[in-house]
file upload-v3.txt (compact mmCIF, C-alpha atoms and all ligand atoms)
# COMPACT_ATOMS: atom_id res chain seq x y z
CA MET K 11 -19.73 16.21 12.09
CA THR K 12 -21.97 16.22 9.04
CA ASP K 13 -22.80 19.24 6.87
CA SER K 14 -26.44 20.04 6.25
CA THR K 15 -25.73 20.88 2.58
CA PRO K 16 -22.76 18.82 1.50
CA SER K 17 -20.66 20.34 -1.30
CA ARG K 18 -19.65 16.89 -2.56
CA ARG K 19 -22.16 14.15 -3.22
CA VAL K 20 -21.82 10.46 -3.92
CA LEU K 21 -24.46 8.17 -5.41
CA LEU K 22 -23.69 4.89 -3.61
CA ILE K 23 -24.98 1.74 -5.32
CA VAL K 24 -24.98 -1.21 -2.90
CA GLY K 25 -25.02 -4.56 -4.71
CA GLY K 26 -25.93 -7.97 -3.35
CA GLY K 27 -23.05 -9.70 -1.61
CA VAL K 28 -22.03 -10.64 1.91
CA ALA K 29 -19.67 -7.64 1.85
CA ALA K 30 -22.65 -5.26 1.58
CA TYR K 31 -22.33 -4.73 5.35
CA LYS K 32 -19.10 -2.82 4.67
CA ALA K 33 -21.12 -0.28 2.65
CA LEU K 34 -22.67 0.81 5.95
CA GLU K 35 -19.27 1.62 7.45
CA LEU K 36 -18.27 3.35 4.19
CA THR K 37 -21.41 5.50 4.39
CA ARG K 38 -20.52 6.46 7.96
CA LEU K 39 -16.96 7.46 6.95
CA LEU K 40 -18.25 9.57 4.06
CA ARG K 41 -20.86 11.37 6.14
CA LYS K 42 -18.26 12.04 8.84
CA ALA K 43 -16.12 13.72 6.16
CA GLY K 44 -19.07 15.86 5.09
CA VAL K 45 -19.73 14.00 1.84
CA GLY K 46 -23.40 13.57 0.90
CA VAL K 47 -24.45 9.96 0.28
CA ARG K 48 -27.56 9.06 -1.72
CA PRO K 49 -27.95 5.29 -1.65
CA ILE K 50 -29.38 2.93 -4.26
CA LEU K 51 -29.93 -0.52 -2.76
CA THR K 52 -30.42 -3.31 -5.30
CA LYS K 53 -32.94 -6.08 -4.64
CA ALA K 54 -30.05 -8.49 -4.03
CA GLY K 55 -28.34 -5.92 -1.79
CA ALA K 56 -31.51 -5.74 0.33
CA GLU K 57 -31.05 -9.45 1.10
CA PHE K 58 -27.87 -8.53 3.00
CA VAL K 59 -28.44 -5.07 4.55
CA THR K 60 -31.64 -3.21 5.28
CA ALA K 61 -32.77 0.03 3.69
CA LEU K 62 -33.39 1.30 7.21
CA SER K 63 -29.72 0.96 8.28
CA LEU K 64 -28.49 2.51 5.06
CA SER K 65 -30.96 5.38 5.22
CA ALA K 66 -30.14 6.12 8.88
CA LEU K 67 -26.40 6.28 8.21
CA ALA K 68 -26.74 8.19 4.92
CA GLU K 69 -29.30 10.57 6.41
CA ASP K 70 -31.11 10.30 3.09
CA LYS K 71 -33.80 8.31 1.36
CA VAL K 72 -32.82 4.93 -0.10
CA TYR K 73 -33.83 4.33 -3.72
CA SER K 74 -34.49 0.78 -4.94
CA ASP K 75 -37.18 0.67 -7.56
CA LEU K 76 -36.94 1.76 -11.19
CA PHE K 77 -40.69 1.91 -11.56
CA SER K 78 -41.65 3.57 -8.27
CA LEU K 79 -44.17 6.32 -8.92
CA THR K 80 -43.41 8.10 -5.65
CA ASP K 81 -39.63 8.03 -6.24
CA GLU K 82 -40.04 9.22 -9.82
CA ALA K 83 -42.25 12.08 -8.64
CA GLU K 84 -39.59 13.19 -6.14
CA MET K 85 -36.53 12.61 -8.30
CA GLY K 86 -36.47 10.94 -11.73
CA HIS K 87 -33.95 8.13 -12.16
CA ILE K 88 -32.01 10.13 -14.75
CA GLU K 89 -31.64 13.07 -12.41
CA LEU K 90 -30.70 10.70 -9.59
CA SER K 91 -27.77 9.43 -11.67
CA ARG K 92 -26.57 12.96 -12.36
CA SER K 93 -27.19 14.66 -9.05
CA ALA K 94 -23.95 13.30 -7.57
CA ASP K 95 -20.31 14.23 -8.28
CA LEU K 96 -19.31 10.57 -8.30
CA VAL K 97 -21.10 7.24 -8.65
CA VAL K 98 -19.70 4.54 -6.36
CA VAL K 99 -20.61 0.86 -6.64
CA ALA K 100 -19.73 -1.03 -3.42
CA PRO K 101 -19.94 -3.95 -3.45
CA ALA K 102 -19.78 -4.18 -7.26
CA THR K 103 -20.97 -7.73 -7.89
CA ALA K 104 -20.10 -9.76 -11.01
CA ASP K 105 -23.69 -9.16 -12.15
CA LEU K 106 -23.57 -5.36 -11.74
CA ILE K 107 -20.16 -5.24 -13.44
CA ALA K 108 -21.45 -7.30 -16.39
CA LYS K 109 -24.57 -5.15 -16.73
CA ALA K 110 -22.55 -1.91 -16.64
CA ALA K 111 -19.99 -3.24 -19.14
CA HIS K 112 -22.69 -4.16 -21.64
CA GLY K 113 -25.01 -1.21 -21.10
CA LEU K 114 -27.97 -3.18 -19.70
CA ALA K 115 -30.56 -1.11 -17.88
CA GLY K 116 -33.20 -3.44 -16.45
CA ASP K 117 -33.22 -2.10 -12.89
CA LEU K 118 -32.55 1.16 -11.07
CA ALA K 119 -28.84 0.51 -10.34
CA SER K 120 -27.90 -0.45 -13.91
CA THR K 121 -30.08 2.35 -15.34
CA ALA K 122 -28.30 4.87 -13.14
CA LEU K 123 -24.92 3.55 -14.33
CA LEU K 124 -25.97 3.86 -17.97
CA ALA K 125 -27.55 7.30 -17.54
CA THR K 126 -24.80 8.98 -15.56
CA ASP K 127 -22.36 11.49 -16.99
CA LYS K 128 -20.30 11.45 -13.80
CA PRO K 129 -17.13 9.43 -13.00
CA VAL K 130 -17.80 5.90 -11.73
CA LEU K 131 -15.75 4.13 -9.05
CA MET K 132 -16.26 0.40 -8.60
CA ALA K 133 -15.27 -1.69 -5.59
CA PRO K 134 -15.65 -5.30 -6.80
CA ALA K 135 -16.50 -8.16 -4.45
CA MET K 136 -17.20 -11.73 -5.46
CA ASN K 137 -16.07 -15.31 -5.19
CA VAL K 138 -12.49 -15.83 -6.40
CA ARG K 139 -13.54 -18.03 -9.35
CA MET K 140 -16.10 -15.48 -10.46
CA TRP K 141 -13.46 -12.74 -10.23
CA LEU K 142 -10.90 -14.74 -12.20
CA HIS K 143 -13.39 -15.89 -14.85
CA PRO K 144 -12.45 -14.53 -18.29
CA ALA K 145 -15.94 -13.05 -18.67
CA THR K 146 -15.49 -10.89 -15.55
CA GLN K 147 -11.95 -9.91 -16.54
CA ARG K 148 -13.20 -8.92 -20.01
CA ASN K 149 -15.95 -6.83 -18.44
CA ILE K 150 -13.44 -5.09 -16.16
CA GLU K 151 -11.29 -4.22 -19.20
CA ILE K 152 -14.35 -2.80 -20.99
CA LEU K 153 -15.24 -0.65 -17.98
CA LYS K 154 -11.64 0.56 -17.58
CA THR K 155 -11.58 1.51 -21.26
CA ASP K 156 -14.81 3.43 -20.68
CA GLY K 157 -13.02 5.33 -17.90
CA ALA K 158 -14.36 3.59 -14.77
CA LEU K 159 -12.11 3.67 -11.71
CA PHE K 160 -11.52 0.63 -9.52
CA VAL K 161 -10.51 0.01 -5.93
CA GLY K 162 -9.69 -3.57 -4.93
CA PRO K 163 -10.60 -6.34 -4.75
CA ASP K 164 -8.37 -7.51 -1.90
CA GLU K 165 -7.01 -10.99 -1.53
CA GLY K 166 -7.80 -13.23 1.42
CA ALA K 167 -10.21 -15.66 3.02
CA MET K 168 -13.78 -15.39 1.77
CA ALA K 169 -17.17 -15.98 3.28
CA CYS K 170 -17.64 -18.86 0.83
CA GLY K 171 -14.65 -20.67 2.38
CA GLU K 172 -12.25 -20.07 -0.51
CA PHE K 173 -9.09 -17.96 -0.60
CA GLY K 174 -7.87 -15.48 -3.21
CA PRO K 175 -8.67 -12.17 -4.88
CA GLY K 176 -12.30 -11.08 -4.68
CA ARG K 177 -12.76 -9.59 -1.21
CA LEU K 178 -14.25 -6.11 -1.10
CA ALA K 179 -11.57 -3.51 -0.31
CA GLU K 180 -11.78 -2.30 3.30
CA PRO K 181 -14.01 0.77 3.85
CA PRO K 182 -11.05 3.13 4.65
CA ALA K 183 -9.42 2.17 1.31
CA ILE K 184 -12.66 2.76 -0.60
CA PHE K 185 -13.09 6.04 1.28
CA GLU K 186 -9.57 7.17 0.21
CA ALA K 187 -10.29 6.24 -3.42
CA ILE K 188 -13.55 8.23 -3.30
CA MET K 189 -11.83 11.28 -1.84
CA ALA K 190 -9.11 11.11 -4.52
CA ALA K 191 -11.75 10.82 -7.25
CA LEU K 192 -13.64 13.80 -5.79
CA GLU K 193 -10.53 15.97 -5.64
CA GLY K 194 -11.19 17.31 -9.13
CA PRO K 195 -8.89 20.02 -10.48
CA ALA K 196 -6.24 19.42 -7.81
CA ALA K 197 -5.89 15.94 -9.29
CA LYS K 198 -5.15 17.39 -12.75
CA PRO K 199 -1.55 18.59 -12.42
CA LEU K 200 -0.92 18.12 -16.15
CA ALA K 201 -3.71 20.48 -17.27
CA GLY K 202 -2.38 22.67 -20.10
CA LYS K 203 0.45 20.24 -20.95
CA HIS K 204 0.78 18.27 -24.17
CA ALA K 205 2.04 14.68 -23.99
CA LEU K 206 3.16 12.64 -26.99
CA VAL K 207 3.11 8.86 -26.53
CA THR K 208 4.08 6.12 -29.01
CA ALA K 209 2.73 2.61 -28.50
CA GLY K 210 2.34 -0.81 -30.06
CA PRO K 211 4.40 -2.51 -32.77
CA THR K 212 5.17 -1.16 -36.23
CA PHE K 213 4.29 -3.06 -39.40
CA GLU K 214 6.84 -3.02 -42.24
CA PRO K 215 5.34 -4.28 -45.51
CA ILE K 216 7.03 -6.85 -47.75
CA ASP K 217 4.33 -6.85 -50.44
CA PRO K 218 0.67 -5.75 -50.47
CA VAL K 219 -0.39 -8.60 -48.17
CA ARG K 220 2.66 -9.49 -46.08
CA GLY K 221 4.83 -7.68 -43.64
CA ILE K 222 7.13 -7.82 -40.63
CA THR K 223 5.87 -6.93 -37.17
CA ASN K 224 6.38 -7.95 -33.52
CA ARG K 225 4.38 -9.11 -30.51
CA SER K 226 4.05 -5.78 -28.70
CA SER K 227 0.47 -5.57 -27.35
CA GLY K 228 0.53 -1.79 -26.87
CA ARG K 229 -0.97 -2.17 -23.38
CA GLN K 230 1.72 -0.34 -21.44
CA GLY K 231 1.76 2.59 -23.88
CA TYR K 232 -2.04 2.82 -23.90
CA ALA K 233 -2.12 2.70 -20.10
CA ILE K 234 0.41 5.55 -19.96
CA ALA K 235 -1.58 7.63 -22.46
CA GLY K 236 -4.73 7.07 -20.37
CA ALA K 237 -2.98 7.92 -17.09
CA LEU K 238 -1.54 11.16 -18.53
CA ALA K 239 -5.01 12.14 -19.80
CA ARG K 240 -6.52 11.44 -16.36
CA LEU K 241 -4.00 13.88 -14.88
CA GLY K 242 -5.31 16.52 -17.29
CA ALA K 243 -2.77 16.38 -20.14
CA ARG K 244 -3.75 16.73 -23.80
CA VAL K 245 -2.42 13.44 -25.12
CA THR K 246 -1.47 12.51 -28.70
CA LEU K 247 -1.08 8.74 -28.94
CA VAL K 248 0.76 7.62 -32.08
CA SER K 249 -0.10 3.95 -32.34
CA GLY K 250 0.99 1.01 -34.42
CA PRO K 251 -1.59 -1.69 -35.22
CA VAL K 252 -3.08 -3.01 -31.95
CA ALA K 253 -6.42 -4.42 -30.82
CA LEU K 254 -7.04 -1.88 -28.04
CA ALA K 255 -9.66 0.81 -27.52
CA THR K 256 -8.48 4.41 -27.31
CA PRO K 257 -8.38 5.56 -23.66
CA PRO K 258 -10.89 8.33 -22.83
CA GLY K 259 -9.69 11.83 -23.64
CA VAL K 260 -6.77 10.68 -25.83
CA ASP K 261 -6.22 11.78 -29.48
CA ARG K 262 -5.05 8.72 -31.39
CA VAL K 263 -3.13 8.73 -34.68
CA ASP K 264 -2.88 5.29 -36.32
CA VAL K 265 0.26 4.47 -38.27
CA GLU K 266 1.88 1.32 -39.65
CA THR K 267 5.54 1.88 -40.47
CA ALA K 268 8.38 3.38 -38.43
CA ARG K 269 8.71 6.21 -40.93
CA ASP K 270 5.00 7.04 -40.64
CA MET K 271 5.33 6.93 -36.85
CA LEU K 272 8.24 9.39 -36.96
CA ALA K 273 6.31 11.73 -39.28
CA ALA K 274 3.22 11.60 -37.03
CA CYS K 275 5.37 12.36 -33.96
CA GLN K 276 7.05 15.31 -35.66
CA ALA K 277 3.66 16.63 -36.77
CA ALA K 278 2.41 16.42 -33.15
CA LEU K 279 5.18 18.70 -31.78
CA PRO K 280 5.54 20.83 -29.73
CA ALA K 281 5.04 18.62 -26.69
CA ASP K 282 6.01 19.02 -23.05
CA VAL K 283 6.78 15.34 -22.64
CA GLY K 284 7.45 12.49 -25.09
CA VAL K 285 7.02 8.92 -23.89
CA PHE K 286 8.32 6.46 -26.49
CA VAL K 287 6.88 3.08 -25.65
CA ALA K 288 6.41 1.66 -29.17
CA ALA K 289 8.35 -1.43 -30.22
CA VAL K 290 9.64 0.04 -33.46
CA ALA K 291 11.11 -2.26 -36.12
CA ASP K 292 14.84 -1.60 -36.43
CA TRP K 293 14.80 -2.60 -40.10
CA ARG K 294 12.45 -2.36 -43.05
CA ILE K 295 12.43 -4.02 -46.47
CA ASP K 296 14.52 -1.96 -48.86
CA GLU K 297 12.08 -2.19 -51.78
CA VAL K 298 8.51 -3.22 -51.06
CA PHE K 299 7.12 -5.49 -53.80
CA GLY K 300 4.25 -3.85 -55.68
CA THR K 301 2.39 -7.14 -56.23
CA LYS K 302 1.97 -10.25 -54.09
CA LEU K 303 5.06 -12.46 -54.16
CA LYS K 304 4.38 -15.84 -55.79
CA LYS K 305 5.83 -19.20 -54.86
CA GLU K 306 7.85 -19.55 -58.07
CA LYS K 307 10.46 -22.00 -59.18
CA GLY K 308 13.39 -19.66 -58.50
CA GLY K 309 13.14 -20.44 -54.75
CA PRO K 310 12.45 -18.03 -51.88
CA PRO K 311 12.86 -14.29 -52.56
CA ALA K 312 15.93 -12.51 -51.25
CA LEU K 313 14.83 -9.64 -49.02
CA THR K 314 17.23 -6.78 -48.39
CA PHE K 315 16.80 -4.52 -45.37
CA VAL K 316 17.63 -0.93 -44.54
CA GLU K 317 17.72 0.67 -41.13
CA ASN K 318 14.65 2.54 -39.85
CA PRO K 319 14.94 5.98 -38.26
CA ASP K 320 15.20 5.96 -34.47
CA ILE K 321 12.15 8.00 -33.45
CA LEU K 322 13.23 8.49 -29.85
CA ALA K 323 16.79 9.56 -30.75
CA THR K 324 15.54 11.84 -33.54
CA LEU K 325 13.07 13.66 -31.29
CA ALA K 326 15.56 13.84 -28.41
CA ALA K 327 17.94 15.66 -30.78
CA SER K 328 15.37 18.01 -32.30
CA GLY K 329 16.79 21.21 -30.76
CA PRO K 330 14.19 23.83 -29.86
CA ARG K 331 11.34 21.43 -30.77
CA ARG K 332 12.60 18.76 -28.34
CA PRO K 333 9.99 17.89 -25.67
CA LYS K 334 11.18 19.14 -22.26
CA LEU K 335 11.12 15.60 -20.92
CA VAL K 336 12.03 12.69 -23.22
CA ILE K 337 11.40 9.17 -21.90
CA GLY K 338 12.45 5.95 -23.63
CA PHE K 339 11.74 2.33 -22.82
CA ALA K 340 14.22 -0.51 -22.80
CA ALA K 341 13.25 -4.17 -22.87
CA GLU K 342 16.34 -6.08 -21.77
CA THR K 343 17.10 -9.72 -21.13
CA ASN K 344 20.34 -9.35 -19.14
CA ASP K 345 22.41 -6.67 -17.33
CA VAL K 346 19.24 -4.57 -17.40
CA GLU K 347 20.61 -1.50 -15.61
CA ALA K 348 23.93 -1.29 -17.48
CA HIS K 349 22.33 -1.73 -20.89
CA ALA K 350 19.55 0.74 -20.12
CA ARG K 351 22.01 3.36 -18.82
CA ALA K 352 24.06 3.03 -22.02
CA LYS K 353 20.82 3.48 -24.01
CA LEU K 354 19.98 6.64 -22.05
CA ALA K 355 23.28 8.20 -23.17
CA ARG K 356 23.14 6.88 -26.73
CA LYS K 357 19.61 8.09 -27.41
CA GLY K 358 19.91 11.41 -25.57
CA CYS K 359 16.80 10.91 -23.43
CA ASP K 360 16.18 12.09 -19.87
CA TRP K 361 14.75 8.88 -18.41
CA ILE K 362 14.74 5.26 -19.44
CA ILE K 363 12.07 2.91 -18.11
CA ALA K 364 13.79 -0.45 -18.24
CA ASN K 365 12.26 -3.86 -17.79
CA ASP K 366 13.53 -7.39 -17.78
CA VAL K 367 11.44 -9.15 -20.42
CA THR K 368 12.63 -12.57 -19.26
CA GLU K 369 10.38 -12.09 -16.19
CA PRO K 370 7.32 -14.29 -16.69
CA GLY K 371 4.11 -12.50 -17.64
CA VAL K 372 5.70 -9.16 -18.59
CA MET K 373 5.73 -9.39 -22.41
CA GLY K 374 2.07 -9.16 -23.49
CA GLY K 375 0.91 -9.69 -19.87
CA ASP K 376 -0.76 -7.44 -17.31
CA GLU K 377 2.19 -6.70 -15.05
CA ASN K 378 5.49 -4.92 -15.30
CA ALA K 379 8.55 -4.67 -13.06
CA VAL K 380 10.57 -1.61 -14.07
CA LEU K 381 13.62 0.47 -13.26
CA LEU K 382 13.42 4.24 -13.68
CA ILE K 383 16.86 5.36 -14.80
CA SER K 384 17.74 9.04 -14.96
CA ARG K 385 21.16 10.61 -15.47
CA ASP K 386 21.99 10.60 -11.77
CA LYS K 387 20.01 7.74 -10.22
CA THR K 388 18.29 4.39 -10.59
CA GLU K 389 14.98 3.52 -8.94
CA ARG K 390 13.70 -0.03 -8.74
CA TRP K 391 9.87 -0.12 -8.76
CA THR K 392 8.08 -3.11 -7.31
CA ARG K 393 6.27 -5.38 -9.75
CA ALA K 394 2.77 -4.05 -10.36
CA ALA K 395 -0.10 -4.00 -12.85
CA LYS K 396 0.73 -2.08 -16.05
CA ASP K 397 -2.07 0.38 -15.12
CA SER K 398 -0.41 1.05 -11.81
CA VAL K 399 3.05 1.52 -13.41
CA ALA K 400 1.38 3.94 -15.85
CA HIS K 401 -0.26 5.89 -13.02
CA ASP K 402 3.00 6.17 -11.06
CA LEU K 403 4.93 7.23 -14.16
CA ALA K 404 2.29 9.88 -15.00
CA GLN K 405 2.57 11.23 -11.43
CA ARG K 406 6.37 11.41 -11.78
CA ILE K 407 6.04 13.20 -15.10
CA ALA K 408 3.66 15.70 -13.47
CA GLU K 409 6.13 16.34 -10.63
CA SER K 410 8.98 16.80 -13.07
CA LEU K 411 7.06 19.26 -15.28
CA SER K 412 5.61 21.31 -12.42
O1 LIG K 501 17.12 0.49 -29.21
P1 LIG K 501 15.86 -0.04 -28.60
O2 LIG K 501 14.87 -0.48 -29.64
O3 LIG K 501 16.09 -1.07 -27.55
O4 LIG K 501 15.27 1.21 -27.84
C1 LIG K 501 14.01 1.20 -27.28
C2 LIG K 501 13.48 2.61 -27.14
O5 LIG K 501 13.71 3.36 -28.33
C3 LIG K 501 11.99 2.61 -26.96
O6 LIG K 501 11.66 3.77 -26.20
C4 LIG K 501 11.48 2.73 -28.38
O7 LIG K 501 10.17 3.26 -28.44
C5 LIG K 501 12.49 3.64 -29.00
N1 LIG K 501 12.74 3.42 -30.44
C6 LIG K 501 12.31 4.35 -31.36
N2 LIG K 501 12.59 4.19 -32.70
C7 LIG K 501 13.28 3.11 -33.12
C8 LIG K 501 13.70 2.13 -32.20
C9 LIG K 501 13.40 2.31 -30.86
O8 LIG K 501 11.68 5.34 -30.96
N3 LIG K 501 13.51 2.96 -34.42
call {"tool": "encode", "arguments": {"input": "upload-v3.txt", "output": "structure tokens"}}
result
Amino acid sequence: MTDSTPSRRVLLIVGGGVAAYKALELTRLLRKAGVGVRPILTKAGAEFVTALSLSALAEDKVYSDLFSLTDEAEMGHIELSRSADLVVVAPATADLIAKAAHGLAGDLASTALLATDKPVLMAPAMNVRMWLHPATQRNIEILKTDGALFVGPDEGAMACGEFGPGRLAEPPAIFEAIMAALEGPAAKPLAGKHALVTAGPTFEPIDPVRGITNRSSGRQGYAIAGALARLGARVTLVSGPVALATPPGVDRVDVETARDMLAACQAALPADVGVFVAAVADWRIDEVFGTKLKKEKGGPPALTFVENPDILATLAASGPRRPKLVIGFAAETNDVEAHARAKLARKGCDWIIANDVTEPGVMGGDENAVLLISRDKTERWTRAAKDSVAHDLAQRIAESLS
């Protein structure tokens, strides 16, 4: 049954791809669940499905033209983009994704995406090579950083005869993602909680121009900070030098050295949860040279090192100021579980997220395969995108703090 005045509304942008026919089934599922659907059909989309079908299923007018006088008189394009609770793009073509990532606004669909102040959910669909092209992957990263949500694409045989990722997610999966995105406050179990996250490498100077650092990309820590913020937490992200944008809703404090990172963490307390993902240098140069070292006759300089503070262990032992839940990370190359369990005890944390960094594509890559080790059990999580590991960890943190 459909409601006459739906309490939840979706602006559904249908792009031009063979998979556009699935947008019709999606519209039917949404209307059946009482969700209002206002469709925008792009010119390319209209090559694949008709405005008549879409309008009949949505029980609403279909908008297509940025410069339509009649449409503008009824509802201006800015209002159109804001009159919904969620903007859904299905199928999100490579072209629509690129336009949204770069803020182009040459037609109604891209203008609506630029003008909206509502969450955006994209269901990409395109040829496998277009999906895997670095330009598309860059655009996806930009949109994720801007806070866009994604469902799919699926992997499988394509209308173009190729096989791989790029198929539009099935309508029931898109429907579920829409309902989750519409849930609102119920989906914010960490509201009122403060999360402290460290991420990235540290940089320990040798002289004014040189220093010692490591290859940590910061991606897993940034993904966790973003996931915690999406669940409603106030997040302080203490970050070493990385080339990443700050996730939406996250307060970022930039530091270089381990000692600065410790000071920034202590200044951020109290926190309900501390997630220590940073790859902190174990050692720093004892005395940093005040001027640039020169290649002189005396041969290479002798550098002496001193141990850095252990930020995780220090905060785990900070008595009444200790976060209720302290989570460390362990990158191991062998005997992952045994080493990580020993680290849990040594550092005094509640959970260790352990990963085997010999697995291809984990260090600096997009995926992670982790173990969650607590005092009384070990869970082995299946290999997944770092974003997905971050989401699952944030959910577990929410359960633990509730
Ligand atoms: O001892 P190890 O470096 O393997 O421990 C890794 C865990 O400890 C990570 O959670 C890391 O962020 C944290 N750590 C820290 N301060 C250090 C060294 C590691 O917080 N000086």
call {"tool": "residues_near_ligand", "arguments": {"input": "upload-v3.txt", "ligand": "ligand LIG 501 (chain K)", "cutoff": "10 Å", "atoms": "only C-alpha atoms and all ligand atoms", "output": "number ranges by chain"}}
result
K: 207-212, 231, 268-269, 271-272, 275, 284-293, 317-326, 336-342, 349-350, 353-354, 356-357, 359, 361-364
call {"tool": "atom_distance", "arguments": {"input": "upload-v3.txt", "atom1": "CA of Thr155 (chain K)", "atom2": "CA of Ala190 (chain K)"}}
result
19.5 Å
call {"tool": "axis_aligned_box", "arguments": {"input": "upload-v3.txt", "around": "region 24-27 of chain K", "padding_each_side": "5 Å", "output": "AutoDock Vina command-line options"}}
result
--center_x -24.5 --center_y -5.5 --center_z -3.2 --size_x 12.9 --size_y 18.5 --size_z 13.1
call {"tool": "closest_residue", "arguments": {"input": "upload-v3.txt", "among": "K:His143, K:Lys302, K:Arg351, K:Lys32", "to": "Gly221 (chain K)", "atoms": "only C-alpha atoms"}}
result
K:Lys302
call {"tool": "residues_near_point", "arguments": {"input": "upload-v3.txt", "point": "(-24.6, -4.7, -15.2)", "cutoff": "10 Å", "atoms": "all atoms listed in the file", "output": "ChimeraX atom specification"}}
result
/K:102-117,119-121,123-124,149
call {"tool": "atom_distance", "arguments": {"input": "upload-v3.txt", "atom1": "CA of Ser63 (chain K)", "atom2": "CA of Met140 (chain K)"}}
result
28.4 Å
call {"tool": "atom_distance", "arguments": {"input": "upload-v3.txt", "atom1": "CA of Asp345 (chain K)", "atom2": "CA of Asn365 (chain K)"}}
result
10.5 Å
call {"tool": "residues_around", "arguments": {"input": "upload-v3.txt", "residues": "region 95-100 of chain K", "least_positions_apart": "5", "cutoff": "6 Å", "atoms": "all atoms listed in the file", "output": "list in words"}}
result
Arg19, Val20, Leu21, Leu22, Ile23, Val24, Lys128, Pro129, Val130, Leu131, Met132 and Ala133 of chain K
call {"tool": "closest_residue", "arguments": {"input": "upload-v3.txt", "among": "K:Val263, K:Leu34, K:Leu381, K:Ala408", "to": "Ala239 (chain K)", "atoms": "all atoms listed in the file"}}
result
K:Ala408
call {"tool": "closest_residue", "arguments": {"input": "upload-v3.txt", "among": "K:Ser93, K:Asn378, K:Ser328, K:Ser410", "to": "Trp391 (chain K)", "atoms": "only C-alpha atoms"}}
result
K:Asn378
call {"tool": "closest_residue", "arguments": {"input": "upload-v3.txt", "among": "K:Ala404, K:Arg229, K:Asp360, K:Thr301", "to": "Asp386 (chain K)", "atoms": "only C-alpha atoms"}}
result
K:Asp360
call {"tool": "residues_around", "arguments": {"input": "upload-v3.txt", "residues": "Ile407 (chain K)", "least_positions_apart": "3", "cutoff": "10 Å", "atoms": "only C-alpha atoms", "output": "list in words"}}
result
Pro199, Leu200, Ala205, Leu238, Asp282, Val283, Val285, Leu335, Ile337, His401, Asp402, Leu403, Ala404, Ser410, Leu411 and Ser412 of chain K
call {"tool": "closest_residue", "arguments": {"input": "upload-v3.txt", "among": "K:Pro257, K:Gly308, K:Gly228, K:Pro163", "to": "Glu151 (chain K)", "atoms": "only C-alpha atoms"}}
result
K:Pro257
call {"tool": "decode", "arguments": {"input": "upload-v3.txt", "residues": "region 368-387 of chain K", "atoms": "C-alpha atoms", "output": "CSV table (one decimal), in the first residue's frame"}}
result
chain,number,residue,atom,x,y,z
K,368,THR,CA,52.4,-9.9,4.4
K,369,GLU,CA,48.9,-10.3,2.7
K,370,PRO,CA,49.1,-8.6,-0.7
K,371,GLY,CA,47.4,-5.3,-1.0
K,372,VAL,CA,46.9,-4.6,2.7
K,373,MET,CA,49.8,-2.1,3.4
K,374,GLY,CA,48.8,1.1,1.6
K,375,GLY,CA,46.0,-0.7,-0.3
K,376,ASP,CA,42.2,-0.6,-0.2
K,377,GLU,CA,41.5,-3.8,1.7
K,378,ASN,CA,42.2,-5.3,5.1
K,379,ALA,CA,41.8,-8.8,6.6
K,380,VAL,CA,41.7,-8.4,10.4
K,381,LEU,CA,41.4,-10.3,13.7
K,382,LEU,CA,39.5,-8.7,16.5
K,383,ILE,CA,41.2,-9.9,19.7
K,384,SER,CA,39.6,-9.1,23.1
K,385,ARG,CA,40.6,-10.6,26.5
K,386,ASP,CA,38.4,-13.6,26.1
K,387,LYS,CA,38.0,-14.2,22.4
